[in-house]
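So this block is structure.cif, mmCIF, C-alpha atoms:
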data_work
#
loop_
_atom_site.label_atom_id
_atom_site.label_comp_id
_atom_site.auth_asym_id
_atom_site.auth_seq_id
_atom_site.Cartn_x
_atom_site.Cartn_y
_atom_site.Cartn_z
CA MET A 231 -0.14 -32.46 -7.44
CA SER A 232 1.25 -32.36 -10.94
CA VAL A 233 2.89 -29.26 -12.40
CA GLU A 234 0.10 -29.14 -14.96
CA LEU A 235 -2.37 -28.34 -12.23
CA VAL A 236 -0.48 -25.18 -11.29
CA GLY A 237 -2.20 -23.54 -14.25
CA LEU A 238 -5.56 -24.62 -12.91
CA ALA A 239 -4.65 -23.32 -9.45
CA LEU A 240 -3.68 -19.99 -10.99
CA LEU A 241 -7.01 -19.71 -12.80
CA MET A 242 -8.89 -20.71 -9.66
CA GLY A 243 -7.03 -17.97 -7.79
CA LEU A 244 -7.89 -15.46 -10.50
CA VAL A 245 -11.62 -16.14 -10.28
CA THR A 246 -11.53 -16.13 -6.47
CA TYR A 247 -9.66 -12.88 -5.96
CA PRO A 248 -12.33 -10.47 -7.30
CA SER A 249 -14.93 -11.70 -4.85
CA ARG A 250 -12.48 -11.04 -2.04
CA ALA A 251 -11.20 -7.71 -3.27
CA LEU A 252 -13.92 -5.81 -5.11
CA PRO A 253 -16.00 -4.62 -2.12
CA LEU A 254 -12.85 -3.89 -0.11
CA LEU A 255 -11.34 -1.79 -2.88
CA ALA A 256 -14.56 -0.10 -3.97
CA THR A 257 -14.90 3.58 -3.24
CA GLY A 258 -17.76 5.24 -1.43
CA VAL A 259 -18.15 2.76 1.41
CA GLU A 260 -18.28 5.64 3.86
CA ARG A 261 -21.15 7.16 1.88
CA LEU A 262 -23.38 4.12 2.12
CA PRO A 263 -26.78 4.85 3.66
CA ARG A 264 -27.27 3.82 7.24
CA ILE A 265 -29.63 1.01 6.31
CA ALA A 266 -26.93 -0.54 4.13
CA LEU A 267 -24.40 -0.32 6.95
CA ASP A 268 -26.92 -1.88 9.33
CA TYR A 269 -27.38 -4.67 6.84
CA LEU A 270 -23.65 -5.26 6.45
CA ARG A 271 -23.29 -5.38 10.22
CA LEU A 272 -25.65 -8.35 10.29
CA VAL A 273 -23.93 -10.23 7.48
CA GLY A 274 -21.19 -11.49 9.80
CA PRO A 275 -23.39 -13.34 12.30
CA ALA A 276 -25.66 -14.66 9.54
CA VAL A 277 -22.97 -16.05 7.27
CA LEU A 278 -21.02 -17.58 10.15
CA ALA A 279 -24.16 -19.31 11.38
CA ALA A 280 -24.95 -20.49 7.86
CA LEU A 281 -21.42 -21.90 7.51
CA ALA A 282 -21.70 -23.77 10.80
CA ALA A 283 -25.17 -25.11 10.16
CA VAL A 284 -24.48 -26.25 6.61
CA ASN A 285 -21.21 -27.81 7.69
CA VAL A 286 -22.81 -30.08 10.29
CA MET A 287 -26.28 -30.59 8.83
CA VAL A 288 -25.69 -31.12 5.12
CA VAL A 289 -23.63 -33.83 3.49
CA THR A 290 -23.13 -34.32 -0.22
CA PRO A 291 -22.24 -37.91 -1.11
CA GLU A 292 -19.85 -38.50 -4.02
CA GLY A 293 -21.94 -37.98 -7.14
CA GLY A 294 -25.14 -37.59 -5.11
CA SER A 295 -27.44 -34.80 -4.05
CA PRO A 296 -27.15 -32.86 -0.79
CA ALA A 297 -28.84 -34.62 2.10
CA ILE A 298 -29.54 -33.86 5.73
CA HIS A 299 -27.07 -35.31 8.21
CA VAL A 300 -28.05 -36.02 11.79
CA GLY A 301 -25.25 -36.74 14.18
CA ILE A 302 -23.31 -35.90 17.29
CA GLU A 303 -21.89 -32.89 15.44
CA TRP A 304 -25.19 -31.06 16.00
CA ALA A 305 -24.87 -31.52 19.73
CA ALA A 306 -21.21 -30.50 19.63
CA VAL A 307 -21.94 -27.25 17.82
CA ALA A 308 -24.89 -26.50 20.10
CA LEU A 309 -22.73 -27.22 23.14
CA CYS A 310 -20.02 -24.94 21.83
CA ALA A 311 -22.54 -22.14 21.26
CA ALA A 312 -24.00 -22.59 24.74
CA LEU A 313 -20.62 -22.71 26.47
CA THR A 314 -19.36 -19.71 24.51
CA ALA A 315 -22.45 -17.71 25.39
CA TRP A 316 -22.30 -18.78 29.04
CA ARG A 317 -18.59 -18.41 29.72
CA ARG A 318 -18.01 -15.73 27.06
CA ASN A 319 -15.01 -17.74 26.02
CA LEU A 320 -14.69 -19.43 22.62
CA LEU A 321 -11.88 -21.75 23.69
CA VAL A 322 -14.07 -23.26 26.40
CA GLY A 323 -16.79 -23.82 23.83
CA LEU A 324 -14.42 -25.44 21.35
CA ILE A 325 -12.94 -27.76 23.94
CA GLY A 326 -16.41 -28.80 25.06
CA GLY A 327 -17.59 -29.49 21.51
CA VAL A 328 -14.52 -31.42 20.45
CA ALA A 329 -14.47 -33.43 23.68
CA LEU A 330 -18.10 -34.44 23.23
CA VAL A 331 -17.47 -35.74 19.71
CA ALA A 332 -14.19 -37.44 20.60
CA VAL A 333 -15.73 -39.26 23.55
CA ALA A 334 -18.85 -40.25 21.63
CA ARG A 335 -16.79 -41.66 18.77
CA ALA A 336 -14.35 -43.40 21.09
CA LEU A 337 -17.27 -45.12 22.83
CA GLY A 338 -18.79 -46.13 19.51
CA LEU A 339 -21.84 -43.94 20.06
CA ALA A 340 -21.24 -41.84 16.96
CA GLU A 341 -19.78 -42.37 13.54
CA ILE A 342 -17.55 -40.16 11.44
CA PRO A 343 -19.63 -38.57 8.64
CA VAL A 344 -18.75 -39.80 5.16
CA MET B 431 -2.88 -24.35 -4.97
CA SER B 432 -2.90 -23.51 -1.27
CA LEU B 433 -0.79 -20.43 -1.97
CA LEU B 434 -2.63 -19.26 -5.08
CA VAL B 435 -6.24 -20.09 -4.24
CA PHE B 436 -6.07 -20.25 -0.44
CA ALA B 437 -9.65 -21.44 -0.08
CA GLY B 438 -10.05 -24.83 1.53
CA ALA B 439 -13.52 -25.80 0.36
CA ALA B 440 -12.78 -24.86 -3.23
CA GLN B 441 -9.48 -26.73 -3.14
CA PHE B 442 -11.03 -29.91 -1.81
CA ALA B 443 -13.83 -29.65 -4.35
CA ALA B 444 -11.42 -29.00 -7.20
CA ILE B 445 -9.34 -32.04 -6.39
CA GLY B 446 -12.47 -34.17 -6.46
CA HIS B 447 -13.60 -32.63 -9.75
CA VAL B 448 -10.21 -33.09 -11.39
CA ALA B 449 -10.02 -36.68 -10.21
CA GLY B 450 -13.52 -37.17 -11.60
CA GLY B 451 -12.45 -35.88 -15.00
CA LEU B 452 -14.37 -32.59 -15.02
CA PRO B 453 -12.86 -30.18 -17.58
CA TRP B 454 -11.01 -27.12 -16.30
CA PRO B 455 -13.71 -24.58 -17.23
CA GLY B 456 -16.17 -26.48 -15.08
CA VAL B 457 -13.77 -26.56 -12.16
CA ILE B 458 -13.09 -22.85 -12.50
CA LEU B 459 -16.79 -22.01 -12.68
CA LEU B 460 -17.55 -24.08 -9.61
CA THR B 461 -14.64 -22.46 -7.79
CA ALA B 462 -16.03 -19.01 -8.55
CA LEU B 463 -19.44 -20.04 -7.26
CA LEU B 464 -18.06 -21.72 -4.17
CA ASN B 465 -15.96 -18.69 -3.31
CA ALA B 466 -18.62 -16.09 -4.08
CA ARG B 467 -19.40 -15.91 -0.35
CA HIS B 468 -16.18 -13.92 0.01
CA LEU B 469 -18.08 -11.01 -1.51
CA LEU B 470 -20.11 -10.89 1.69
CA TYR B 471 -17.02 -10.99 3.88
CA SER B 472 -15.32 -8.29 1.89
CA ALA B 473 -18.40 -6.07 1.90
CA ALA B 474 -18.86 -6.50 5.65
CA LEU B 475 -15.24 -5.62 6.39
CA ALA B 476 -15.01 -2.75 3.90
CA PRO B 477 -16.46 -0.05 6.17
CA TRP B 478 -14.02 -0.99 8.92
CA LEU B 479 -11.01 -0.82 6.64
CA LYS B 480 -11.92 2.30 4.74
CA GLU B 481 -8.92 4.16 6.15
CA THR B 482 -6.48 1.43 5.08
CA PRO B 483 -4.45 2.23 1.95
CA ARG B 484 -5.63 0.38 -1.12
CA PRO B 485 -2.39 -1.48 -1.88
CA ARG B 486 -2.52 -3.02 1.58
CA LYS B 487 -6.20 -3.83 1.19
CA ALA B 488 -5.40 -5.52 -2.10
CA VAL B 489 -3.05 -7.87 -0.26
CA MET B 490 -5.41 -8.27 2.66
CA ALA B 491 -8.07 -9.42 0.21
CA HIS B 492 -6.07 -12.46 -0.85
CA LEU B 493 -5.92 -13.57 2.78
CA LEU B 494 -9.66 -13.19 3.33
CA THR B 495 -11.02 -16.61 4.24
CA ASP B 496 -13.88 -17.87 6.40
CA GLU B 497 -11.58 -17.97 9.39
CA ALA B 498 -9.87 -14.62 8.72
CA PHE B 499 -13.26 -12.95 8.34
CA ALA B 500 -14.63 -14.52 11.49
CA LEU B 501 -11.62 -13.52 13.55
CA ALA B 502 -11.41 -10.02 12.08
CA ILE B 503 -15.07 -9.06 12.39
CA SER B 504 -15.22 -10.42 15.93
CA HIS B 505 -12.04 -8.61 16.90
CA PHE B 506 -13.05 -5.30 15.33
CA ARG B 507 -16.43 -5.38 17.02
CA ARG B 508 -14.98 -6.47 20.34
CA ILE B 509 -12.54 -3.56 20.47
CA GLY B 510 -14.97 -1.21 18.77
CA ARG B 511 -12.65 -0.15 15.96
CA SER B 512 -10.57 -1.43 13.09
CA ASP B 513 -7.21 -3.07 13.86
CA GLU B 514 -5.11 -3.75 10.80
CA ARG B 515 -2.37 -5.49 12.75
CA GLY B 516 -4.94 -7.78 14.28
CA TYR B 517 -6.21 -8.65 10.81
CA TRP B 518 -2.72 -9.57 9.60
CA LEU B 519 -2.04 -11.63 12.70
CA GLY B 520 -5.31 -13.52 12.39
CA ALA B 521 -5.17 -14.03 8.65
CA ILE B 522 -1.51 -14.98 8.38
CA GLY B 523 -0.75 -16.47 11.77
CA SER B 524 -3.87 -18.49 12.29
CA THR B 525 -4.74 -19.43 8.73
CA PHE B 526 -2.29 -18.76 5.90
CA ILE B 527 0.82 -20.23 7.51
CA PRO B 528 -0.90 -23.22 9.16
CA TRP B 529 -2.86 -24.01 5.99
CA ASN B 530 0.20 -24.03 3.80
CA VAL B 531 2.36 -25.87 6.32
CA ALA B 532 -0.39 -28.45 6.72
CA THR B 533 -0.66 -28.74 2.92
CA LEU B 534 3.06 -29.40 2.74
CA ALA B 535 2.80 -31.92 5.53
CA GLY B 536 -0.05 -33.65 3.76
CA VAL B 537 1.91 -33.87 0.51
CA THR B 538 5.05 -35.20 2.15
CA LEU B 539 3.65 -37.38 4.92
CA GLY B 540 0.41 -38.45 3.28
CA ALA B 541 -1.14 -41.54 4.79
CA GLN B 542 1.06 -41.44 7.89
CA ILE B 543 -1.08 -38.62 9.27
CA PRO B 544 -3.90 -39.97 11.48
CA ASP B 545 -7.48 -39.02 10.67
CA PRO B 546 -8.24 -35.91 12.76
CA ALA B 547 -11.93 -36.84 12.77
CA ARG B 548 -11.14 -39.68 15.15
CA LEU B 549 -10.22 -37.03 17.70
CA GLY B 550 -13.31 -34.97 16.97
CA LEU B 551 -11.24 -32.24 15.35
CA ASP B 552 -13.53 -32.11 12.31
CA VAL B 553 -16.04 -30.16 14.41
CA VAL B 554 -13.55 -27.42 15.24
CA PHE B 555 -14.46 -25.45 12.12
CA PRO B 556 -18.28 -25.38 12.53
CA ALA B 557 -17.94 -25.00 16.30
CA ALA B 558 -15.59 -22.06 15.88
CA MET B 559 -17.91 -20.43 13.35
CA ILE B 560 -20.96 -20.71 15.61
CA GLY B 561 -18.94 -19.63 18.63
CA LEU B 562 -17.75 -16.52 16.81
CA ALA B 563 -21.30 -15.85 15.62
CA VAL B 564 -22.49 -16.04 19.23
CA GLY B 565 -19.82 -13.54 20.15
CA LEU B 566 -21.25 -11.11 17.60
CA ILE B 567 -24.73 -11.18 19.10
CA THR B 568 -25.51 -7.92 20.81
CA GLY B 569 -29.25 -7.66 20.23
CA ARG B 570 -32.40 -9.11 18.79
CA ARG B 571 -31.44 -8.40 15.22
CA GLU B 572 -28.27 -10.45 15.49
CA VAL B 573 -30.22 -13.34 17.01
CA VAL B 574 -32.63 -13.30 14.09
CA ALA B 575 -29.77 -12.98 11.60
CA VAL B 576 -28.05 -16.03 13.12
CA LEU B 577 -31.16 -18.19 13.21
CA ALA B 578 -32.43 -17.13 9.80
CA GLY B 579 -28.98 -17.46 8.25
CA ALA B 580 -28.66 -21.01 9.57
CA VAL B 581 -32.16 -22.10 8.54
CA LEU B 582 -31.96 -20.53 5.09
CA GLY B 583 -28.47 -21.86 4.58
CA VAL B 584 -29.46 -25.44 5.33
CA ALA B 585 -32.72 -25.28 3.38
CA ILE B 586 -31.17 -23.86 0.22
CA SER B 587 -28.18 -26.19 0.56
CA LEU B 588 -30.51 -29.17 0.46
CA LEU B 589 -32.37 -27.77 -2.54
CA VAL B 590 -29.52 -26.36 -4.59
CA GLY B 591 -26.17 -26.99 -2.97
CA PRO B 592 -24.03 -25.88 -0.02
CA SER B 593 -22.17 -23.11 -1.82
CA VAL B 594 -25.43 -21.41 -2.82
CA GLY B 595 -27.00 -22.14 0.55
CA ILE B 596 -24.27 -20.35 2.47
CA ILE B 597 -24.59 -17.28 0.26
CA VAL B 598 -28.38 -17.21 0.54
CA GLY B 599 -28.13 -17.65 4.31
CA GLY B 600 -25.60 -14.83 4.52
CA LEU B 601 -27.74 -12.54 2.38
CA GLY B 602 -31.20 -13.52 3.57
CA GLY B 603 -30.51 -13.73 7.31
CA PRO B 604 -29.72 -10.03 7.62
CA LEU B 605 -32.72 -9.13 5.45
CA LEU B 606 -35.07 -10.91 7.82
CA ALA B 607 -33.25 -9.44 10.81
CA MET B 608 -33.77 -5.94 9.44
CA LEU B 609 -37.50 -6.49 9.81
CA ILE B 610 -36.99 -6.55 13.58
CA PRO B 611 -37.11 -3.09 15.11
CA ALA B 612 -34.00 -1.94 16.92
CA ARG B 613 -34.15 -2.39 20.67
CA PRO B 614 -35.73 0.77 22.11
CA GLY B 615 -33.52 2.82 24.33
CA GLU B 616 -30.38 0.99 23.36
CA ALA B 617 -27.37 3.17 24.00
CA SER B 618 -25.54 4.78 21.16
CA THR B 619 -22.15 3.26 20.53
CA ALA B 620 -19.75 5.10 18.31
CA LEU B 621 -16.79 3.12 17.09
CA GLY B 622 -13.45 3.88 18.68
CA THR B 623 -14.92 4.81 22.02
CA SER B 624 -14.61 3.08 25.34
CA ALA B 625 -18.40 2.67 25.29
CA SER B 626 -18.34 0.59 22.14
CA ALA B 627 -15.33 -1.40 23.34
CA GLU B 628 -17.10 -2.16 26.57
CA ARG B 629 -20.30 -3.08 24.80
CA TYR B 630 -18.72 -5.59 22.48
CA SER B 631 -15.99 -6.88 24.75
CA MET B 632 -15.88 -10.19 26.50
CA PRO B 633 -14.91 -9.99 30.17
CA ALA B 634 -11.17 -9.83 30.74
CA THR B 635 -10.41 -9.12 27.11
CA HIS B 636 -10.89 -5.41 26.64
CA PRO B 637 -12.05 -3.92 29.91
CA GLY B 638 -11.45 -0.34 28.89
CA HIS B 639 -10.49 0.52 25.37
CA HIS B 640 -9.57 4.09 24.58
CA GLY B 641 -9.30 4.23 20.84
CA PRO B 642 -8.80 7.04 18.40
CA PRO B 643 -11.46 9.62 17.63
CA VAL B 644 -14.35 8.37 15.56
CA PRO B 645 -14.01 9.25 11.88
CA ASP B 646 -16.95 10.79 10.08
CA GLY B 647 -19.52 8.27 9.01
CA LEU B 648 -18.67 5.80 11.74
CA HIS B 649 -21.25 6.90 14.23
CA ARG B 650 -24.71 5.62 14.83
CA ASP B 651 -27.40 6.77 17.14
CA ASP B 652 -30.41 4.59 16.45
CA GLY B 653 -29.34 2.00 18.93
CA ALA B 654 -29.34 -0.97 16.62
CA GLY B 655 -25.74 -1.85 17.29
CA ASP B 656 -22.43 -0.77 15.87
CA VAL B 657 -21.89 0.57 12.41
CA PRO B 658 -18.48 -0.13 10.96
#

Could you write out this file's structure as structure tokens?
Amino acid sequence: MSVELVGLALLMGLVTYPSRALPLLATGVERLPRIALDYLRLVGPAVLAALAAVNVMVVTPEGGSPAIHVGIEWAAVALCAALTAWRRNLLVGLIGGVALVAVARALGLAEIPV
Amino acid sequence: MSLLVFAGAAQFAAIGHVAGGLPWPGVILLTALLNARHLLYSAALAPWLKETPRPRKAVMAHLLTDEAFALAISHFRRIGRSDERGYWLGAIGSTFIPWNVATLAGVTLGAQIPDPARLGLDVVFPAAMIGLAVGLITGRREVVAVLAGAVLGVAISLLVGPSVGIIVGGLGGPLLAMLIPARPGEASTALGTSASAERYSMPATHPGHHGPPVPDGLHRDDGAGDVP
């Protein structure tokens, strides 16, 4: 990375920080109505699920439009969710998901997404 | 960039944009859009950290990433209260240091590093996110939030783009979940009590938490789950 890009990194940091800090630093959080707190409580599961789903189901080719991706990654994430729910242990789920993908790719049954 | 921006998706995207010749204002605008989802994280954590002094929260904010949020919200809900030390440990130990060390390794070692996707490690991130989401499910509303968030996220990502899709999923999933009535007869769980710790704990992690008294405004009694 060239030194010139440090300026760009600084500007990128400056536009990122407010989205991270503003709600945390805002006053009156404790005075939010119950319905708002209920809503915020559900943001965590929803956004984490959205992150996971978009990560494995959507690919954006260089210069192209977003497209659906079908692959072993779906099964890996589903396996991880099932194992985590069953064993109540995230590490077990992660190991299961990664192992499934590694084995499938090693056997030539699945490709690495572009 | 890893120190100043500390946001993986935006960094990867920016490198691609710069290499493609996109002017800086475009890169900065796209970075702001891509990272707008942090507003959701920050808003969701704010009630938990309301007792934390602002200067510390200002620093905590810079370390707020997908992973830090996932670890923090899961941890807080599992123990039934806020845990500032846990936040620092998760954000710095599991993300900030490894990310920057890995960045340095990438710069210095470059092509000598094998492709982690060959080992299936590229699924660690989505698998961890869904696993942590599963850990947050304590009732019907969370199930709907998870499913709706995922469906909305993918649908809008295909139509508009992933950065917008994730935000819409994170905003719309809870809205749809709120349409589901709270489970009748569900026990009240005030934060900071052994009851809430037990309710959100995984076996062998927090069998009996005895936290501090519950501050005003951190109590719920409608049975829909915890209120940070």

Given all atoms listed in the file, how would the per-residue table for range 239-320 of chain A near range 575-585 of chain B read, listing every residue at most 10 Å away with its closest atom pair and distance in Å to one decimal, sorted by chain and number, as a Markdown table?
| residue | atom | partner | partner_atom | distance |
| --- | --- | --- | --- | --- |
| A:Tyr269 | CA | B:Ala575 | CA | 9.9 |
| A:Leu272 | CA | B:Ala575 | CA | 6.3 |
| A:Val273 | CA | B:Ala575 | CA | 7.7 |
| A:Gly274 | CA | B:Val576 | CA | 8.9 |
| A:Pro275 | CA | B:Val576 | CA | 5.4 |
| A:Ala276 | CA | B:Val576 | CA | 4.5 |
| A:Val277 | CA | B:Gly579 | CA | 6.3 |
| A:Leu278 | CA | B:Val576 | CA | 7.8 |
| A:Ala279 | CA | B:Ala580 | CA | 5.1 |
| A:Ala280 | CA | B:Ala580 | CA | 4.1 |
| A:Leu281 | CA | B:Ala580 | CA | 7.6 |
| A:Ala282 | CA | B:Ala580 | CA | 7.6 |
| A:Ala283 | CA | B:Ala580 | CA | 5.4 |
| A:Val284 | CA | B:Val584 | CA | 5.2 |
| A:Asn285 | CA | B:Val584 | CA | 8.9 |
| A:Val286 | CA | B:Val584 | CA | 9.5 |
| A:Met287 | CA | B:Val584 | CA | 7.0 |
| A:Val288 | CA | B:Val584 | CA | 6.8 |
| A:Pro296 | CA | B:Val584 | CA | 9.9 |
| A:Ala297 | CA | B:Val584 | CA | 9.8 |
| A:Ile298 | CA | B:Val584 | CA | 8.4 |

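When only C-alpha atoms are used to measure the gap to chain B, the shortest distance among A:Ala239, A:Ala312, A:Val300, A:Val289 belongs to A:Ala239.
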
Query raised in the report: Nearest to chain A: which of B:Thr538, B:Gln441, B:Ser593, B:Ser472 is it, counting only C-alpha atoms?
Result: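 The shortest atom-to-atom distance to chain A comes from B:Ser472.
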
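The set of residues that the PyMOL selection byres ((chain A and resi 323) around 6) takes from this file is Cys310, Leu313, Thr314, Leu320, Leu321, Val322, Leu324, Ile325 and Gly326 of chain A.
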
Query raised in the report: Residues picked by the PyMOL selection byres ((chain B and resi 459) around 12) here, as JSON, numbers by chain?
Result: {"A": [238, 241, 242, 243, 244, 245, 246], "B": [440, 443, 444, 447, 452, 453, 454, 455, 456, 457, 458, 460, 461, 462, 463, 464, 465, 466]}

Export C-alpha atoms of the chosen residues as a PDB file, in the frame of the given file?
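Saved as part.pdb:
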ATOM      1  CA  LEU A 238      -5.560 -24.620 -12.910  1.00  0.00           C
ATOM      2  CA  LEU A 241      -7.010 -19.710 -12.800  1.00  0.00           C
ATOM      3  CA  MET A 242      -8.890 -20.710  -9.660  1.00  0.00           C
ATOM      4  CA  GLY A 243      -7.030 -17.970  -7.790  1.00  0.00           C
ATOM      5  CA  LEU A 244      -7.890 -15.460 -10.500  1.00  0.00           C
ATOM      6  CA  VAL A 245     -11.620 -16.140 -10.280  1.00  0.00           C
ATOM      7  CA  THR A 246     -11.530 -16.130  -6.470  1.00  0.00           C
TER       8      THR A 246
ATOM      9  CA  ALA B 440     -12.780 -24.860  -3.230  1.00  0.00           C
ATOM     10  CA  ALA B 443     -13.830 -29.650  -4.350  1.00  0.00           C
ATOM     11  CA  ALA B 444     -11.420 -29.000  -7.200  1.00  0.00           C
ATOM     12  CA  HIS B 447     -13.600 -32.630  -9.750  1.00  0.00           C
ATOM     13  CA  LEU B 452     -14.370 -32.590 -15.020  1.00  0.00           C
ATOM     14  CA  PRO B 453     -12.860 -30.180 -17.580  1.00  0.00           C
ATOM     15  CA  TRP B 454     -11.010 -27.120 -16.300  1.00  0.00           C
ATOM     16  CA  PRO B 455     -13.710 -24.580 -17.230  1.00  0.00           C
ATOM     17  CA  GLY B 456     -16.170 -26.480 -15.080  1.00  0.00           C
ATOM     18  CA  VAL B 457     -13.770 -26.560 -12.160  1.00  0.00           C
ATOM     19  CA  ILE B 458     -13.090 -22.850 -12.500  1.00  0.00           C
ATOM     20  CA  LEU B 460     -17.550 -24.080  -9.610  1.00  0.00           C
ATOM     21  CA  THR B 461     -14.640 -22.460  -7.790  1.00  0.00           C
ATOM     22  CA  ALA B 462     -16.030 -19.010  -8.550  1.00  0.00           C
ATOM     23  CA  LEU B 463     -19.440 -20.040  -7.260  1.00  0.00           C
ATOM     24  CA  LEU B 464     -18.060 -21.720  -4.170  1.00  0.00           C
ATOM     25  CA  ASN B 465     -15.960 -18.690  -3.310  1.00  0.00           C
ATOM     26  CA  ALA B 466     -18.620 -16.090  -4.080  1.00  0.00           C
TER      27      ALA B 466
END

Query - Target residues per the PyMOL selection byres ((chain B and resi 515) around 12), formatted as a list of chain:residue names - result: B:Leu479, B:Thr482, B:Arg486, B:Met490, B:Ala502, B:His505, B:Phe506, B:Ser512, B:Asp513, B:Glu514, B:Gly516, B:Tyr517, B:Trp518, B:Leu519, B:Gly520, B:Ala521, B:Ile522, B:Gly523

Requested in this report: Skip Ile586 in chain B itself and residues of its chain fewer than 3 positions away, then list as a list in words all residues within 9 Å of it, counting only C-alpha atoms.
Outcome: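 Skipping anything fewer than 3 positions along the chain leaves Val581, Leu582, Gly583, Leu589, Val590, Gly591, Pro592, Val594, Gly595, Ile596, Val598 and Gly599 of chain B.
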
**Report entry** Residue among B:Ala541, B:Ser504, B:Gly550, B:Thr495 lying closest to chain A, counting only C-alpha atoms
**Finding:** B:Gly550

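Among the candidates B:Ser587, B:Leu539, B:Gly438, B:Trp529, the one nearest to chain A when counting only C-alpha atoms is B:Ser587.
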
Report task. Compare B:Gly602, B:Gly569, B:Pro556, B:Pro546 by their minimum atom-to-atom distance to chain A, counting only C-alpha atoms, and give me the closest one. Result -> B:Pro556

Report summary line: CA of Asp268 in chain A to CA of Arg508 in chain B measures 16.9 Å
